[in-house]
$ cat target-v2.txt   # compact mmCIF, C-alpha atoms
# COMPACT_ATOMS: atom_id res chain seq x y z
CA MET E 1 97.43 98.27 76.96
CA ILE E 2 98.91 99.04 80.37
CA LEU E 3 99.68 102.62 81.45
CA VAL E 4 101.89 103.64 84.38
CA THR E 5 101.62 107.22 85.67
CA GLY E 6 104.46 109.01 87.44
CA ALA E 7 106.89 107.16 85.19
CA ASN E 8 109.66 109.70 85.72
CA GLY E 9 109.81 108.93 89.46
CA HIS E 10 111.87 106.19 91.09
CA LEU E 11 108.91 103.87 91.61
CA GLY E 12 107.13 104.52 88.31
CA ARG E 13 110.33 104.18 86.31
CA GLY E 14 111.09 100.87 88.02
CA ILE E 15 107.60 99.53 87.34
CA VAL E 16 107.88 100.37 83.63
CA GLU E 17 111.29 98.72 83.37
CA HIS E 18 110.25 95.53 85.17
CA LEU E 19 106.98 95.36 83.26
CA SER E 20 108.86 95.72 79.98
CA ASP E 21 111.13 92.85 81.00
CA ARG E 22 108.11 90.69 81.79
CA MET E 23 105.87 91.51 78.83
CA GLY E 24 107.93 93.31 76.25
CA PRO E 25 107.42 97.02 75.58
CA ALA E 26 104.68 96.98 72.92
CA GLN E 27 101.77 96.92 75.40
CA ILE E 28 103.19 99.47 77.86
CA ILE E 29 102.72 103.24 78.05
CA ALA E 30 104.76 105.46 80.37
CA ALA E 31 102.94 108.62 81.45
CA SER E 32 104.08 111.77 83.23
CA ARG E 33 103.24 115.42 83.73
CA GLU E 34 106.38 116.09 81.68
CA PRO E 35 106.59 113.35 79.06
CA GLY E 36 109.60 115.00 77.45
CA ALA E 37 111.62 114.10 80.53
CA LEU E 38 110.86 110.38 80.22
CA SER E 39 113.40 107.86 78.97
CA PRO E 40 111.59 104.51 79.09
CA PRO E 41 112.89 101.27 77.56
CA ASP E 42 112.91 101.17 73.77
CA GLY E 43 109.47 100.48 72.36
CA VAL E 44 107.53 101.84 75.35
CA ALA E 45 105.12 104.61 74.27
CA VAL E 46 104.85 107.91 76.14
CA ARG E 47 101.81 110.04 77.02
CA ARG E 48 101.16 113.17 79.08
CA ALA E 49 99.05 112.62 82.20
CA ASP E 50 98.81 115.52 84.63
CA PHE E 51 96.32 114.89 87.45
CA ALA E 52 96.10 118.66 88.01
CA ASP E 53 94.87 119.08 84.41
CA PRO E 54 91.81 116.80 84.14
CA ALA E 55 91.21 117.90 80.56
CA CYS E 56 94.30 115.99 79.40
CA LEU E 57 93.37 112.72 81.08
CA PRO E 58 90.72 111.35 78.65
CA ASP E 59 93.31 111.29 75.86
CA ALA E 60 95.98 109.93 78.20
CA PHE E 61 93.80 107.03 79.34
CA ALA E 62 92.10 106.21 76.02
CA GLY E 63 92.34 102.53 75.10
CA ILE E 64 93.91 101.51 78.40
CA GLU E 65 92.90 98.21 80.00
CA ARG E 66 94.98 98.42 83.19
CA ILE E 67 96.39 101.54 84.77
CA GLN E 68 98.78 102.11 87.64
CA ILE E 69 98.04 105.37 89.42
CA VAL E 70 101.25 106.15 91.28
CA SER E 71 100.25 108.30 94.24
CA VAL E 72 101.40 111.91 94.15
CA ASP E 73 103.97 113.56 96.41
CA LYS E 74 101.41 115.93 97.93
CA LEU E 75 99.61 115.98 101.26
CA GLY E 76 96.05 116.14 102.50
CA GLU E 77 93.08 117.21 100.44
CA GLU E 78 95.29 118.26 97.52
CA ALA E 79 96.56 114.70 97.17
CA ARG E 80 93.07 113.24 97.43
CA ARG E 81 91.75 115.67 94.81
CA LEU E 82 94.50 114.78 92.35
CA HIS E 83 93.97 111.05 92.91
CA ARG E 84 90.22 111.51 92.49
CA ASN E 85 90.78 113.27 89.16
CA ALA E 86 92.78 110.29 87.93
CA ILE E 87 90.32 107.71 89.29
CA THR E 88 87.36 109.48 87.69
CA ALA E 89 89.12 109.80 84.33
CA ALA E 90 90.17 106.14 84.38
CA SER E 91 86.63 105.00 85.18
CA ASP E 92 85.15 107.26 82.49
CA ALA E 93 87.66 105.87 79.97
CA GLY E 94 86.48 102.32 80.63
CA VAL E 95 89.70 101.09 82.21
CA GLU E 96 89.16 97.48 83.31
CA ARG E 97 91.19 97.69 86.52
CA ILE E 98 92.86 100.51 88.42
CA PHE E 99 96.02 99.79 90.41
CA TYR E 100 96.72 102.44 93.04
CA THR E 101 99.94 102.87 95.01
CA SER E 102 98.78 102.83 98.63
CA HIS E 103 100.51 102.14 101.94
CA ALA E 104 100.66 99.21 104.35
CA GLY E 105 99.68 101.58 107.16
CA ALA E 106 96.67 103.09 105.36
CA ARG E 107 94.13 104.03 108.03
CA GLU E 108 91.74 106.96 108.28
CA GLY E 109 92.73 109.14 111.20
CA SER E 110 96.33 107.89 111.22
CA PRO E 111 98.83 110.27 112.87
CA PHE E 112 100.94 109.75 109.73
CA PRO E 113 99.10 112.03 107.27
CA PRO E 114 99.90 110.08 104.05
CA ALA E 115 98.39 106.93 105.61
CA ASP E 116 95.15 108.81 106.24
CA GLN E 117 95.03 110.20 102.69
CA HIS E 118 95.74 106.77 101.19
CA ALA E 119 92.81 105.31 103.13
CA LYS E 120 90.56 108.08 101.80
CA SER E 121 91.76 107.54 98.23
CA GLU E 122 91.03 103.83 98.62
CA ALA E 123 87.49 104.83 99.62
CA ASP E 124 87.28 106.93 96.43
CA LEU E 125 88.41 103.91 94.42
CA LYS E 126 85.68 101.79 95.97
CA ALA E 127 83.08 104.46 95.25
CA SER E 128 84.13 104.65 91.58
CA GLY E 129 82.64 101.23 90.80
CA THR E 130 85.68 100.25 88.72
CA PRO E 131 87.55 97.10 89.80
CA PHE E 132 90.69 98.16 91.63
CA THR E 133 93.74 96.88 93.45
CA ALA E 134 95.19 99.06 96.21
CA LEU E 135 98.86 98.15 96.46
CA ARG E 136 99.59 98.29 100.20
CA HIS E 137 103.29 99.05 99.95
CA GLY E 138 105.53 98.60 102.95
CA PHE E 139 107.32 101.74 104.13
CA TYR E 140 110.14 102.48 101.67
CA ALA E 141 113.56 101.68 103.08
CA GLU E 142 114.81 104.67 101.11
CA SER E 143 112.51 106.89 103.20
CA CYS E 144 114.19 105.55 106.33
CA LEU E 145 117.55 106.68 104.99
CA GLN E 146 116.18 110.11 104.14
CA MET E 147 114.95 110.50 107.71
CA ILE E 148 117.94 109.17 109.67
CA GLY E 149 120.81 108.62 107.23
CA GLU E 150 122.76 111.69 108.35
CA ASP E 151 122.37 110.71 112.02
CA LEU E 152 123.79 107.27 111.26
CA LYS E 153 126.76 108.81 109.49
CA ARG E 154 127.38 111.19 112.42
CA GLY E 155 127.32 108.35 114.92
CA GLU E 156 124.24 109.19 116.99
CA LEU E 157 120.66 108.35 116.06
CA ARG E 158 118.55 110.97 117.86
CA VAL E 159 114.89 110.12 117.32
CA PRO E 160 111.57 110.14 119.19
CA GLU E 161 110.09 107.06 120.81
CA ASP E 162 109.18 104.63 118.04
CA GLY E 163 107.81 101.19 117.22
CA PRO E 164 108.82 98.51 114.72
CA VAL E 165 108.60 99.40 111.02
CA CYS E 166 108.87 96.93 108.15
CA TRP E 167 111.19 98.96 105.91
CA THR E 168 110.90 97.62 102.35
CA ALA E 169 113.13 98.21 99.31
CA ARG E 170 111.37 100.32 96.69
CA ASP E 171 112.67 98.25 93.77
CA ASP E 172 111.16 95.09 95.30
CA LEU E 173 107.82 96.88 95.34
CA ALA E 174 108.25 98.00 91.72
CA ARG E 175 108.84 94.36 90.77
CA ALA E 176 105.73 93.25 92.68
CA ASP E 177 103.59 95.96 91.06
CA ALA E 178 104.83 94.88 87.63
CA ALA E 179 103.90 91.27 88.38
CA LEU E 180 100.37 92.31 89.33
CA LEU E 181 99.98 94.60 86.32
CA ALA E 182 101.12 91.71 84.11
CA GLY E 183 98.32 89.57 85.54
CA GLU E 184 100.55 87.08 87.37
CA ALA E 185 98.28 87.38 90.43
CA THR E 186 95.03 89.21 91.19
CA PHE E 187 93.79 90.99 94.30
CA ASP E 188 90.41 92.72 94.46
CA GLY E 189 90.55 95.73 96.74
CA ALA E 190 93.53 96.11 99.04
CA THR E 191 96.43 93.68 98.81
CA PRO E 192 97.94 92.19 101.95
CA PRO E 193 100.81 94.35 103.23
CA LEU E 194 103.65 94.12 100.69
CA THR E 195 106.57 94.06 103.09
CA ALA E 196 110.10 92.88 103.71
CA SER E 197 110.68 89.89 105.97
CA ARG E 198 111.04 91.67 109.32
CA ALA E 199 110.31 94.91 111.12
CA TRP E 200 112.95 97.02 112.88
CA THR E 201 112.99 99.51 115.74
CA MET E 202 115.31 102.50 115.65
CA SER E 203 117.42 100.94 118.40
CA GLU E 204 117.87 97.82 116.27
CA ILE E 205 118.74 99.95 113.23
CA ALA E 206 121.45 101.74 115.23
CA GLU E 207 122.88 98.37 116.24
CA LEU E 208 122.71 97.10 112.65
CA ALA E 209 124.42 100.24 111.34
CA SER E 210 127.13 99.81 113.99
CA GLN E 211 127.80 96.29 112.71
CA ILE E 212 127.95 97.51 109.11
CA THR E 213 130.27 100.47 109.75
CA GLY E 214 132.42 98.90 112.48
CA ARG E 215 131.91 101.90 114.79
CA GLU E 216 129.41 102.56 117.56
CA ILE E 217 126.27 104.40 116.56
CA ARG E 218 124.36 105.46 119.64
CA HIS E 219 120.57 105.46 119.88
CA THR E 220 119.20 108.41 121.86
CA VAL E 221 115.49 108.97 122.47
CA VAL E 222 114.40 112.62 122.38
CA SER E 223 111.00 114.24 122.75
CA ASP E 224 108.74 114.78 119.76
CA ALA E 225 109.08 118.55 120.17
CA GLU E 226 112.89 118.44 120.32
CA TRP E 227 113.13 116.24 117.22
CA LYS E 228 110.75 118.42 115.22
CA ALA E 229 112.54 121.60 116.29
CA ALA E 230 115.88 120.15 115.19
CA LYS E 231 114.44 119.28 111.77
CA VAL E 232 113.00 122.77 111.33
CA ALA E 233 116.30 124.33 112.44
CA ALA E 234 118.04 122.21 109.78
CA GLY E 235 115.82 123.73 107.10
CA VAL E 236 112.97 121.24 106.86
CA PRO E 237 109.62 123.04 106.32
CA GLU E 238 107.52 122.83 109.48
CA HIS E 239 104.56 121.07 107.84
CA TYR E 240 106.93 118.46 106.40
CA ALA E 241 108.68 117.97 109.74
CA GLU E 242 105.26 117.42 111.34
CA MET E 243 104.44 114.83 108.68
CA LEU E 244 107.72 113.00 109.34
CA LEU E 245 107.05 113.08 113.08
CA GLY E 246 103.80 111.28 112.29
CA THR E 247 105.90 108.28 111.22
CA PHE E 248 107.09 107.83 114.81
CA ARG E 249 103.65 108.48 116.29
CA ALA E 250 102.03 105.88 114.06
CA SER E 251 104.83 103.35 114.54
CA ARG E 252 104.28 103.48 118.31
CA ARG E 253 100.79 102.14 117.66
CA GLY E 254 102.19 99.29 115.56
CA ASP E 255 100.78 100.69 112.31
CA PHE E 256 103.84 99.65 110.26
CA SER E 257 104.88 96.47 112.05
CA THR E 258 102.99 93.82 110.07
CA VAL E 259 105.15 91.34 108.15
CA ASP E 260 103.53 89.40 105.31
CA PRO E 261 104.89 86.85 102.76
CA THR E 262 102.99 88.22 99.74
CA LEU E 263 105.86 90.38 98.48
CA GLU E 264 108.23 87.41 98.55
CA THR E 265 105.72 85.37 96.52
CA LEU E 266 105.33 88.12 93.91
CA VAL E 267 109.06 88.78 93.40
CA GLY E 268 110.01 85.09 93.58
CA ARG E 269 112.75 85.52 96.20
CA LYS E 270 113.37 86.86 99.67
CA PRO E 271 112.81 90.62 99.81
CA THR E 272 115.94 92.77 99.98
CA PRO E 273 117.01 92.95 103.64
CA LEU E 274 117.44 96.30 105.35
CA ARG E 275 121.08 95.40 106.04
CA GLU E 276 121.76 95.48 102.29
CA VAL E 277 120.06 98.86 101.86
CA LEU E 278 121.96 100.38 104.80
CA ALA E 279 125.27 98.89 103.69
CA ALA E 280 124.92 100.48 100.26
CA ALA E 281 124.33 103.87 101.86
CA LEU E 282 126.84 103.72 104.72
CA THR E 283 129.79 101.86 103.26
CA PRO E 284 132.27 104.11 101.43
CA ALA E 285 132.76 103.30 97.76
CA PRO E 286 136.13 101.73 96.97
CA PRO E 287 138.68 104.12 95.47
CA THR E 288 138.80 104.21 91.71
CA ASP E 289 141.98 103.46 89.77
CA GLN E 290 143.29 106.80 88.56
CA LYS E 291 145.90 105.32 86.24

$ encode --input "target-v2.txt" --output "structure tokens"
Amino acid sequence: MILVTGANGHLGRGIVEHLSDRMGPAQIIAASREPGALSPPDGVAVRRADFADPACLPDAFAGIERIQIVSVDKLGEEARRLHRNAITAASDAGVERIFYTSHAGAREGSPFPPADQHAKSEADLKASGTPFTALRHGFYAESCLQMIGEDLKRGELRVPEDGPVCWTARDDLARADAALLAGEATFDGATPPLTASRAWTMSEIAELASQITGREIRHTVVSDAEWKAAKVAAGVPEHYAEMLLGTFRASRRGDFSTVDPTLETLVGRKPTPLREVLAAALTPAPPTDQK
């Protein structure tokens, strides 16, 4: 049996759907803190798995051969503690292999806090003694849109100094994870970076968005402090704005610039280009027929 945690999130839901397409639903279990909110494909079983409630995890993980631990949307030591709870429970349950959703930029001491916590959770996986695969996901292209989508729509991309980032479509990564869970390939420890086919700077993204929309979108470099202050003034919590600023700081060091062909091999086609992701977000939908 294969269990996928976080199955009510975008990534987890996609993994379950693609895994069901590959294997059929009978050997798949979708798990969530709120199982009642799940709507997996017909035939996929449902269990409750709340990393903050370790007492529920032995039952959730009973009889599981492979498990995907989808990393939580928390920061710092809280995230590591929740991941450690899941890793410990999976090891105690006799799971044969743990798959963990990590990051292509995972490095201890990274100025991008999630990259640091992923590296530490990978160390916890290694210490568990259970075979594991750390899925080194490229930076989600959807995260790029969350950070700068409104700027692109307004016509001026005001961002700090940056470096190239290999923005990668989340659904491509869900497909790759499903392929690995299904046993179509095996990696012990960390995978190579699972990335799209090229990395982009913010200046290049502004130019690409200009081509897509047919209007000029300027690229303006601002200081770290000015960018963070603007985010906070727009209502972003300060600790979250600082975390987002870490994306630019880490990209300057080249932490997210690596391009690797492994994702293409796993999904069996070229990864979704950033142009396609941006076009879907920036191009107005055609008018509907009201007749």

$ residues_near_point --input "target-v2.txt" --point "(113.3, 100.5, 113.8)" --cutoff "10 Å" --atoms "only C-alpha atoms" --output "PyMOL selection string"
chain E and resi 144+162-167+199-206+248+251+257

$ residues_around --input "target-v2.txt" --residues "Ala89 of chain E" --least-positions-apart "6" --cutoff "12 Å" --atoms "all atoms listed in the file" --output "mmCIF file with C-alpha atoms, in the coordinates of the input"
data_model
loop_
_atom_site.group_PDB
_atom_site.id
_atom_site.type_symbol
_atom_site.label_atom_id
_atom_site.label_comp_id
_atom_site.auth_asym_id
_atom_site.auth_seq_id
_atom_site.Cartn_x
_atom_site.Cartn_y
_atom_site.Cartn_z
ATOM 1 C CA ALA E 49 99.050 112.620 82.200
ATOM 2 C CA ASP E 50 98.810 115.520 84.630
ATOM 3 C CA PHE E 51 96.320 114.890 87.450
ATOM 4 C CA ALA E 52 96.100 118.660 88.010
ATOM 5 C CA ASP E 53 94.870 119.080 84.410
ATOM 6 C CA PRO E 54 91.810 116.800 84.140
ATOM 7 C CA ALA E 55 91.210 117.900 80.560
ATOM 8 C CA CYS E 56 94.300 115.990 79.400
ATOM 9 C CA LEU E 57 93.370 112.720 81.080
ATOM 10 C CA PRO E 58 90.720 111.350 78.650
ATOM 11 C CA ASP E 59 93.310 111.290 75.860
ATOM 12 C CA ALA E 60 95.980 109.930 78.200
ATOM 13 C CA PHE E 61 93.800 107.030 79.340
ATOM 14 C CA ALA E 62 92.100 106.210 76.020
ATOM 15 C CA ILE E 64 93.910 101.510 78.400
ATOM 16 C CA ILE E 67 96.390 101.540 84.770
ATOM 17 C CA ILE E 69 98.040 105.370 89.420
ATOM 18 C CA LEU E 82 94.500 114.780 92.350
ATOM 19 C CA HIS E 83 93.970 111.050 92.910
ATOM 20 C CA VAL E 95 89.700 101.090 82.210
ATOM 21 C CA ILE E 98 92.860 100.510 88.420
ATOM 22 C CA LEU E 125 88.410 103.910 94.420
ATOM 23 C CA SER E 128 84.130 104.650 91.580
ATOM 24 C CA THR E 130 85.680 100.250 88.720
#

$ closest_residue --input "target-v2.txt" --among "E:Gly12, E:Met23, E:Leu3, E:Asp260" --to "Val46 of chain E" --atoms "all atoms listed in the file"
E:Leu3

$ residues_near_point --input "target-v2.txt" --point "(114.4, 90.4, 93.6)" --cutoff "6 Å" --atoms "all atoms listed in the file" --output "PDB file with C-alpha atoms, keeping the file's coordinate frame"
ATOM      1  CA  ASP E 172     111.160  95.090  95.300  1.00  0.00           C
ATOM      2  CA  VAL E 267     109.060  88.780  93.400  1.00  0.00           C
ATOM      3  CA  ARG E 269     112.750  85.520  96.200  1.00  0.00           C
TER       4      ARG E 269
END

$ closest_residue --input "target-v2.txt" --among "E:Asp124, E:Leu282, E:Pro271, E:Ala229" --to "Asp171 of chain E" --atoms "all atoms listed in the file"
E:Pro271

$ atom_distance --input "target-v2.txt" --atom1 "atom CA of Arg275 of chain E" --atom2 "atom CA of Ala141 of chain E"
10.2 Å

$ build_atoms --input "target-v2.txt" --residues "segment 197-215 of chain E" --atoms "N, CA and C atoms" --output "compact mmCIF listing (two decimals), in the frame of the given file"
# COMPACT_ATOMS: atom_id res chain seq x y z
N SER E 197 110.87 91.07 105.13
CA SER E 197 110.68 89.89 105.97
C SER E 197 110.72 90.14 107.46
N ARG E 198 111.07 91.37 107.89
CA ARG E 198 111.04 91.67 109.32
C ARG E 198 110.90 93.16 109.53
N ALA E 199 110.44 93.51 110.73
CA ALA E 199 110.31 94.91 111.12
C ALA E 199 111.44 95.26 112.09
N TRP E 200 111.81 96.55 112.10
CA TRP E 200 112.95 97.02 112.88
C TRP E 200 112.56 98.22 113.72
N THR E 201 113.06 98.29 114.95
CA THR E 201 112.99 99.51 115.74
C THR E 201 114.22 100.36 115.45
N MET E 202 114.16 101.62 115.86
CA MET E 202 115.31 102.50 115.65
C MET E 202 116.53 102.01 116.44
N SER E 203 116.31 101.48 117.62
CA SER E 203 117.42 100.94 118.40
C SER E 203 118.10 99.80 117.64
N GLU E 204 117.31 98.93 117.04
CA GLU E 204 117.87 97.82 116.27
C GLU E 204 118.59 98.32 115.02
N ILE E 205 118.07 99.39 114.41
CA ILE E 205 118.74 99.95 113.23
C ILE E 205 120.09 100.53 113.61
N ALA E 206 120.17 101.20 114.77
CA ALA E 206 121.45 101.74 115.23
C ALA E 206 122.46 100.61 115.44
N GLU E 207 121.99 99.51 116.03
CA GLU E 207 122.88 98.37 116.24
C GLU E 207 123.32 97.77 114.92
N LEU E 208 122.39 97.65 113.98
CA LEU E 208 122.71 97.10 112.65
C LEU E 208 123.72 98.00 111.94
N ALA E 209 123.50 99.31 111.98
CA ALA E 209 124.42 100.24 111.34
C ALA E 209 125.80 100.18 112.00
N SER E 210 125.84 99.95 113.30
CA SER E 210 127.13 99.81 113.99
C SER E 210 127.89 98.59 113.46
N GLN E 211 127.17 97.49 113.26
CA GLN E 211 127.80 96.29 112.71
C GLN E 211 128.33 96.54 111.30
N ILE E 212 127.57 97.27 110.50
CA ILE E 212 127.95 97.51 109.11
C ILE E 212 129.19 98.42 109.03
N THR E 213 129.21 99.47 109.85
CA THR E 213 130.27 100.47 109.75
C THR E 213 131.48 100.13 110.61
N GLY E 214 131.31 99.23 111.59
CA GLY E 214 132.42 98.90 112.48
C GLY E 214 132.70 99.97 113.51
N ARG E 215 131.75 100.88 113.74
CA ARG E 215 131.91 101.90 114.79
C ARG E 215 130.58 102.05 115.52
